[in-house]
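Visitor: Provided herewith is a single structure, encoded as structure tokens, for subsequent inquiry.
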Amino acid sequence: MLLSYSSLEQYRWELIKENKYQNEINSADYKCKKYIKYFNIFYLSFPFLSFISNFIADYSTNFKEPHLTHQVWIPWSMNKMLPYLAGTILITIMTLSTVVIYVSFCVLELTFTFQISAYLQILQHRLETQNSDYKTVYQHHQTVMQFLRIYNETCSVQMYIETLVASLEPCGFGFALIKGLKRYEPGTFDLLYKMILVLFGPYLLCYCGQEISTQMERLHESSYMSKWYDEKPKVRRDLYTMMLITIRPLTLNYRLFITFNFECFTTVF
């Protein structure tokens, strides 16, 4: 994983030195930072909002049935203020630690996606530009494919497990949410927030896969529209090979069994 990101960063600086594709790279950086900013706010605020909403709900019922962010066994009674605060603060810290780990993975996922998307847009630009150096286009395409292979080999199992879990979690939270709404339970807001979180997690994963798939499809169109037929046989053969490869492009997937895109997201839910 470290090798993939270090190579990705090195390749990025090689493109920056060419001083031709600053717009594509800067646009990808801006979108990536924007998405990461709002994603961090949305997820990292969950433990604190959950703590506040549950405290208000439990205080109104005099701590008879404490609502916890996670149903964790606490070795003391929480029917009074101080024991309740000690238990909920402990669970909040545990939840925050888990969220930070998950958010870190998602930040890497977003960074990888937008960088690969920028590189594919650069390849499209090179193919569509007349008198372009087609000899290097095929090499750059191979480099991008190698990045995707390494990422799939490293992270595809975790992404696959996330989609499996995501197909079950909304059922549990949805049932608890409907039950809470019917009974007018004070902890309904916490359940609603959790419901949104478990829906947004796989959506982000499938969005990243869809972004790469879309740019791959556009790359196929660009390779078809290029002047490959006017090139020398060696270059023509390489570009023709790339056209064939981009018919069924390599994207975010789990062993070619599941492709992570919006179709996968609708199938899960």
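By order of appearance in the structure tokens: chains A, B, ..., then residues from 1 within every chain, and ligands from 1 in the order shown.
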Please provide as a ChimeraX atom specification all residues within 9 Å of stretch 200-205 of chain A, with the sequence filter that same-chain residues fewer than 6 positions apart are discarded (counting only C-alpha atoms).
Guide: /A:106,109-110,159,162-163,166,260-262,265,268
Visitor: Would you save the residues of that selection, restricted to N, CA, C and O atoms, as a PDB file, in the first residue's frame?
Guide:
```pdb
ATOM      1  N   CYS A 106     -10.946   5.983   4.271  1.00  0.00           N
ATOM      2  CA  CYS A 106     -11.759   6.658   3.258  1.00  0.00           C
ATOM      3  C   CYS A 106     -11.015   7.841   2.647  1.00  0.00           C
ATOM      4  O   CYS A 106     -11.174   8.127   1.451  1.00  0.00           O
ATOM      5  N   GLU A 109      -8.769   6.478   0.154  1.00  0.00           N
ATOM      6  CA  GLU A 109      -9.577   6.041  -0.979  1.00  0.00           C
ATOM      7  C   GLU A 109      -9.960   7.213  -1.882  1.00  0.00           C
ATOM      8  O   GLU A 109      -9.852   7.127  -3.110  1.00  0.00           O
ATOM      9  N   LEU A 110     -10.378   8.309  -1.282  1.00  0.00           N
ATOM     10  CA  LEU A 110     -10.715   9.505  -2.069  1.00  0.00           C
ATOM     11  C   LEU A 110      -9.488  10.073  -2.767  1.00  0.00           C
ATOM     12  O   LEU A 110      -9.556  10.472  -3.938  1.00  0.00           O
ATOM     13  N   MET A 159     -12.977  -3.656   0.941  1.00  0.00           N
ATOM     14  CA  MET A 159     -14.109  -3.040   0.254  1.00  0.00           C
ATOM     15  C   MET A 159     -15.243  -4.039   0.065  1.00  0.00           C
ATOM     16  O   MET A 159     -16.425  -3.691   0.184  1.00  0.00           O
ATOM     17  N   GLU A 162     -17.028  -4.536   3.342  1.00  0.00           N
ATOM     18  CA  GLU A 162     -17.854  -3.363   3.640  1.00  0.00           C
ATOM     19  C   GLU A 162     -19.178  -3.418   2.907  1.00  0.00           C
ATOM     20  O   GLU A 162     -20.221  -3.073   3.467  1.00  0.00           O
ATOM     21  N   THR A 163     -19.169  -3.852   1.649  1.00  0.00           N
ATOM     22  CA  THR A 163     -20.421  -3.949   0.903  1.00  0.00           C
ATOM     23  C   THR A 163     -21.324  -5.045   1.474  1.00  0.00           C
ATOM     24  O   THR A 163     -22.555  -4.891   1.493  1.00  0.00           O
ATOM     25  N   ALA A 166     -22.716  -3.665   4.650  1.00  0.00           N
ATOM     26  CA  ALA A 166     -23.636  -2.568   4.352  1.00  0.00           C
ATOM     27  C   ALA A 166     -25.007  -3.054   3.909  1.00  0.00           C
ATOM     28  O   ALA A 166     -25.997  -2.323   4.030  1.00  0.00           O
ATOM     29  N   PHE A 260     -17.136  -2.162  -8.099  1.00  0.00           N
ATOM     30  CA  PHE A 260     -17.710  -1.156  -7.215  1.00  0.00           C
ATOM     31  C   PHE A 260     -18.094   0.083  -8.032  1.00  0.00           C
ATOM     32  O   PHE A 260     -17.244   0.859  -8.465  1.00  0.00           O
ATOM     33  N   ASN A 261     -19.391   0.243  -8.249  1.00  0.00           N
ATOM     34  CA  ASN A 261     -19.929   1.396  -8.967  1.00  0.00           C
ATOM     35  C   ASN A 261     -21.368   1.614  -8.490  1.00  0.00           C
ATOM     36  O   ASN A 261     -21.833   0.954  -7.552  1.00  0.00           O
ATOM     37  N   PHE A 262     -22.074   2.527  -9.149  1.00  0.00           N
ATOM     38  CA  PHE A 262     -23.444   2.821  -8.716  1.00  0.00           C
ATOM     39  C   PHE A 262     -24.376   1.634  -8.925  1.00  0.00           C
ATOM     40  O   PHE A 262     -25.359   1.480  -8.191  1.00  0.00           O
ATOM     41  N   PHE A 265     -24.036  -0.331  -5.886  1.00  0.00           N
ATOM     42  CA  PHE A 265     -24.703   0.324  -4.753  1.00  0.00           C
ATOM     43  C   PHE A 265     -26.205   0.042  -4.769  1.00  0.00           C
ATOM     44  O   PHE A 265     -26.792  -0.260  -3.730  1.00  0.00           O
ATOM     45  N   VAL A 268     -26.846  -3.596  -3.728  1.00  0.00           N
ATOM     46  CA  VAL A 268     -26.708  -3.836  -2.300  1.00  0.00           C
ATOM     47  C   VAL A 268     -27.970  -3.436  -1.557  1.00  0.00           C
ATOM     48  O   VAL A 268     -28.425  -4.131  -0.638  1.00  0.00           O
TER      49      VAL A 268
END
```
Visitor: Near A:Glu217, within 9 Å and counting only C-alpha atoms, which residues show up once chain neighbours fewer than 3 positions away are dropped, as an mmCIF file with N, CA, C and O atoms, in the first residue's frame?
Guide:
```
data_model
loop_
_atom_site.group_PDB
_atom_site.id
_atom_site.type_symbol
_atom_site.label_atom_id
_atom_site.label_comp_id
_atom_site.auth_asym_id
_atom_site.auth_seq_id
_atom_site.Cartn_x
_atom_site.Cartn_y
_atom_site.Cartn_z
ATOM 1 N N ILE A 212 -13.854 6.343 -11.456
ATOM 2 C CA ILE A 212 -12.797 5.729 -12.256
ATOM 3 C C ILE A 212 -13.385 5.047 -13.492
ATOM 4 O O ILE A 212 -12.828 5.143 -14.593
ATOM 5 N N SER A 213 -14.528 4.375 -13.336
ATOM 6 C CA SER A 213 -15.159 3.713 -14.482
ATOM 7 C C SER A 213 -15.556 4.715 -15.551
ATOM 8 O O SER A 213 -15.380 4.476 -16.757
ATOM 9 N N THR A 214 -16.100 5.866 -15.125
ATOM 10 C CA THR A 214 -16.509 6.897 -16.083
ATOM 11 C C THR A 214 -15.318 7.434 -16.863
ATOM 12 O O THR A 214 -15.384 7.602 -18.094
ATOM 13 N N HIS A 220 -11.601 5.353 -23.473
ATOM 14 C CA HIS A 220 -11.854 4.509 -24.646
ATOM 15 C C HIS A 220 -12.338 5.355 -25.821
ATOM 16 O O HIS A 220 -11.901 5.154 -26.969
ATOM 17 N N GLU A 221 -13.235 6.297 -25.549
ATOM 18 C CA GLU A 221 -13.707 7.185 -26.606
ATOM 19 C C GLU A 221 -12.573 8.025 -27.170
ATOM 20 O O GLU A 221 -12.470 8.217 -28.394
ATOM 21 N N SER A 222 -11.709 8.512 -26.294
ATOM 22 C CA SER A 222 -10.587 9.342 -26.753
ATOM 23 C C SER A 222 -9.604 8.519 -27.582
ATOM 24 O O SER A 222 -9.070 9.009 -28.584
ATOM 25 N N THR A 246 -9.517 -0.984 -23.028
ATOM 26 C CA THR A 246 -10.487 -0.054 -22.447
ATOM 27 C C THR A 246 -11.929 -0.417 -22.781
ATOM 28 O O THR A 246 -12.858 0.237 -22.298
ATOM 29 N N ILE A 247 -12.135 -1.445 -23.621
ATOM 30 C CA ILE A 247 -13.507 -1.915 -23.843
ATOM 31 C C ILE A 247 -14.057 -2.510 -22.545
ATOM 32 O O ILE A 247 -15.207 -2.263 -22.166
ATOM 33 N N ARG A 248 -13.212 -3.303 -21.868
ATOM 34 C CA ARG A 248 -13.555 -3.830 -20.541
ATOM 35 C C ARG A 248 -12.467 -3.367 -19.580
ATOM 36 O O ARG A 248 -11.552 -4.132 -19.234
ATOM 37 N N PRO A 249 -12.533 -2.137 -19.144
ATOM 38 C CA PRO A 249 -11.418 -1.540 -18.397
ATOM 39 C C PRO A 249 -11.292 -2.092 -16.989
ATOM 40 O O PRO A 249 -12.240 -2.617 -16.400
#
```
Visitor: Of the residues A:Leu68, A:Glu14, A:Val107, A:Val137, which is the one nearest to A:Tyr38, using only C-alpha atoms?
Guide: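 That would be A:Val107, the residue with the smallest distance to A:Tyr38.
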Visitor: At a cut-off of 12 Å, using only C-alpha atoms, what residues contact A:Lys31? Leave out same-chain residues fewer than 4 positions from it and give the result as a PDB file with N, CA, C and O atoms, in the first residue's frame.
Guide:
```pdb
ATOM      1  N   GLU A  24      -5.683  19.897 -14.798  1.00  0.00           N
ATOM      2  CA  GLU A  24      -6.285  18.615 -14.403  1.00  0.00           C
ATOM      3  C   GLU A  24      -5.877  18.231 -12.986  1.00  0.00           C
ATOM      4  O   GLU A  24      -6.711  17.807 -12.179  1.00  0.00           O
ATOM      5  N   ILE A  25      -4.601  18.404 -12.664  1.00  0.00           N
ATOM      6  CA  ILE A  25      -4.112  18.016 -11.341  1.00  0.00           C
ATOM      7  C   ILE A  25      -4.653  18.957 -10.264  1.00  0.00           C
ATOM      8  O   ILE A  25      -5.072  18.508  -9.185  1.00  0.00           O
ATOM      9  N   ASN A  26      -4.660  20.261 -10.531  1.00  0.00           N
ATOM     10  CA  ASN A  26      -5.180  21.220  -9.552  1.00  0.00           C
ATOM     11  C   ASN A  26      -6.671  21.017  -9.320  1.00  0.00           C
ATOM     12  O   ASN A  26      -7.160  21.140  -8.186  1.00  0.00           O
ATOM     13  N   SER A  27      -7.397  20.714 -10.397  1.00  0.00           N
ATOM     14  CA  SER A  27      -8.836  20.459 -10.250  1.00  0.00           C
ATOM     15  C   SER A  27      -9.088  19.221  -9.400  1.00  0.00           C
ATOM     16  O   SER A  27      -9.977  19.213  -8.534  1.00  0.00           O
ATOM     17  N   TYR A  35     -14.072  17.278  -0.806  1.00  0.00           N
ATOM     18  CA  TYR A  35     -14.781  16.078  -0.381  1.00  0.00           C
ATOM     19  C   TYR A  35     -14.277  15.597   0.974  1.00  0.00           C
ATOM     20  O   TYR A  35     -15.073  15.207   1.846  1.00  0.00           O
ATOM     21  N   ILE A  36     -12.956  15.602   1.161  1.00  0.00           N
ATOM     22  CA  ILE A  36     -12.385  15.137   2.424  1.00  0.00           C
ATOM     23  C   ILE A  36     -12.826  16.034   3.577  1.00  0.00           C
ATOM     24  O   ILE A  36     -13.126  15.549   4.680  1.00  0.00           O
ATOM     25  N   LYS A  37     -12.867  17.341   3.343  1.00  0.00           N
ATOM     26  CA  LYS A  37     -13.271  18.285   4.391  1.00  0.00           C
ATOM     27  C   LYS A  37     -14.672  17.978   4.902  1.00  0.00           C
ATOM     28  O   LYS A  37     -14.889  17.811   6.114  1.00  0.00           O
ATOM     29  N   TYR A  38     -15.638  17.873   3.984  1.00  0.00           N
ATOM     30  CA  TYR A  38     -17.019  17.635   4.402  1.00  0.00           C
ATOM     31  C   TYR A  38     -17.216  16.211   4.918  1.00  0.00           C
ATOM     32  O   TYR A  38     -18.033  15.977   5.825  1.00  0.00           O
ATOM     33  N   LEU A 110     -10.378   8.309  -1.282  1.00  0.00           N
ATOM     34  CA  LEU A 110     -10.715   9.505  -2.069  1.00  0.00           C
ATOM     35  C   LEU A 110      -9.488  10.073  -2.767  1.00  0.00           C
ATOM     36  O   LEU A 110      -9.556  10.472  -3.938  1.00  0.00           O
ATOM     37  N   THR A 111      -8.365  10.119  -2.052  1.00  0.00           N
ATOM     38  CA  THR A 111      -7.137  10.643  -2.646  1.00  0.00           C
ATOM     39  C   THR A 111      -6.715   9.814  -3.848  1.00  0.00           C
ATOM     40  O   THR A 111      -6.387  10.360  -4.919  1.00  0.00           O
ATOM     41  N   THR A 113      -8.611   7.889  -5.707  1.00  0.00           N
ATOM     42  CA  THR A 113      -9.605   8.003  -6.780  1.00  0.00           C
ATOM     43  C   THR A 113      -9.415   9.265  -7.603  1.00  0.00           C
ATOM     44  O   THR A 113      -9.382   9.215  -8.851  1.00  0.00           O
ATOM     45  N   PHE A 114      -9.281  10.405  -6.940  1.00  0.00           N
ATOM     46  CA  PHE A 114      -9.177  11.659  -7.683  1.00  0.00           C
ATOM     47  C   PHE A 114      -7.836  11.786  -8.399  1.00  0.00           C
ATOM     48  O   PHE A 114      -7.762  12.418  -9.462  1.00  0.00           O
ATOM     49  N   GLN A 115      -6.785  11.187  -7.848  1.00  0.00           N
ATOM     50  CA  GLN A 115      -5.502  11.205  -8.549  1.00  0.00           C
ATOM     51  C   GLN A 115      -5.570  10.349  -9.810  1.00  0.00           C
ATOM     52  O   GLN A 115      -5.123  10.777 -10.885  1.00  0.00           O
ATOM     53  N   SER A 117      -8.251   9.573 -11.445  1.00  0.00           N
ATOM     54  CA  SER A 117      -9.157  10.279 -12.353  1.00  0.00           C
ATOM     55  C   SER A 117      -8.431  11.381 -13.115  1.00  0.00           C
ATOM     56  O   SER A 117      -8.624  11.555 -14.322  1.00  0.00           O
ATOM     57  N   ALA A 118      -7.562  12.120 -12.421  1.00  0.00           N
ATOM     58  CA  ALA A 118      -6.792  13.182 -13.083  1.00  0.00           C
ATOM     59  C   ALA A 118      -5.839  12.600 -14.118  1.00  0.00           C
ATOM     60  O   ALA A 118      -5.693  13.141 -15.227  1.00  0.00           O
TER      61      ALA A 118
END
```
Visitor: Hey, which of A:Ile196, A:Gln146, A:Gln158, A:His70 ends up closest to A:Tyr43? Count only C-alpha atoms.
Guide: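 Under the stated criterion, the closest residue is A:Ile196.
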Visitor: Which residue is closest to A:Cys32? Choose from A:Phe175, A:Ile56, A:Phe112, A:Leu96 and count only C-alpha atoms.
Guide: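 Looking only at the distances to A:Cys32, the closest residue turns out to be A:Phe112.
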Visitor: May I ask which of the residues A:Ile178, A:Leu164, A:Leu219, A:Ile258 is the closest one to A:His125, counting only C-alpha atoms?
Guide: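 For A:His125, the nearest of the given residues is A:Leu219.
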Visitor: Could you check the closest approach to A:Arg255 for each of A:Ile150, A:Ala176, A:Ile93, A:Leu199 and tell me which residue wins, using only C-alpha atoms?
Guide: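 Closest candidate: A:Ile150.
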Visitor: Would you mind telling me which residue in A:Tyr240, A:Tyr207, A:Phe42, A:Tyr151 lies nearest to A:Thr266 when using only C-alpha atoms?
Guide: A:Tyr207
Visitor: In Å, with one decimal, what is the gap from atom CA of A:Thr98 to atom CA of A:Leu191?
Guide: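 That distance, rounded to one decimal, is 17.8 Å.
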Visitor: Per DSSP on the backbone, filter stretch 172-267 of chain A down to the residues in strand (DSSP E or B) and report them as a compact mmCIF listing (two decimals) with all heavy atoms, in the first residue's frame.
Guide:
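Okay, states-v2.txt is ready:
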```
# COMPACT_ATOMS: atom_id res chain seq x y z
N ASN A 253 -12.47 -3.21 -8.10
CA ASN A 253 -13.24 -4.45 -8.08
C ASN A 253 -12.63 -5.43 -7.09
O ASN A 253 -11.51 -5.25 -6.63
CB ASN A 253 -13.30 -5.08 -9.47
CG ASN A 253 -11.93 -5.48 -9.99
OD1 ASN A 253 -11.36 -6.48 -9.57
ND2 ASN A 253 -11.37 -4.68 -10.89
N TYR A 254 -13.41 -6.46 -6.81
CA TYR A 254 -12.93 -7.55 -5.95
C TYR A 254 -12.76 -8.79 -6.81
O TYR A 254 -13.72 -9.48 -7.14
CB TYR A 254 -13.93 -7.82 -4.82
CG TYR A 254 -13.58 -9.04 -3.99
CD1 TYR A 254 -12.45 -9.04 -3.19
CD2 TYR A 254 -14.39 -10.17 -4.03
CE1 TYR A 254 -12.13 -10.17 -2.43
CE2 TYR A 254 -14.07 -11.29 -3.27
CZ TYR A 254 -12.94 -11.28 -2.48
OH TYR A 254 -12.62 -12.39 -1.73
N ILE A 258 -16.87 -8.56 -8.24
CA ILE A 258 -17.76 -7.43 -7.99
C ILE A 258 -17.05 -6.16 -8.41
O ILE A 258 -15.90 -5.91 -8.00
CB ILE A 258 -18.14 -7.34 -6.50
CG1 ILE A 258 -19.03 -8.52 -6.10
CG2 ILE A 258 -18.86 -6.02 -6.20
CD1 ILE A 258 -19.46 -8.49 -4.65
N THR A 259 -17.71 -5.36 -9.22
CA THR A 259 -17.19 -4.05 -9.60
C THR A 259 -17.90 -3.00 -8.77
O THR A 259 -19.13 -2.96 -8.73
CB THR A 259 -17.43 -3.78 -11.10
OG1 THR A 259 -16.75 -4.78 -11.86
CG2 THR A 259 -16.90 -2.41 -11.49
```
Visitor: DSSP says alpha helix (DSSP H) for which residues of stretch 45-267 of chain A? Put them as a ChimeraX atom specification?
Guide: /A:46-60,81-128,134-166,169-183,188-225,233-245,262-267
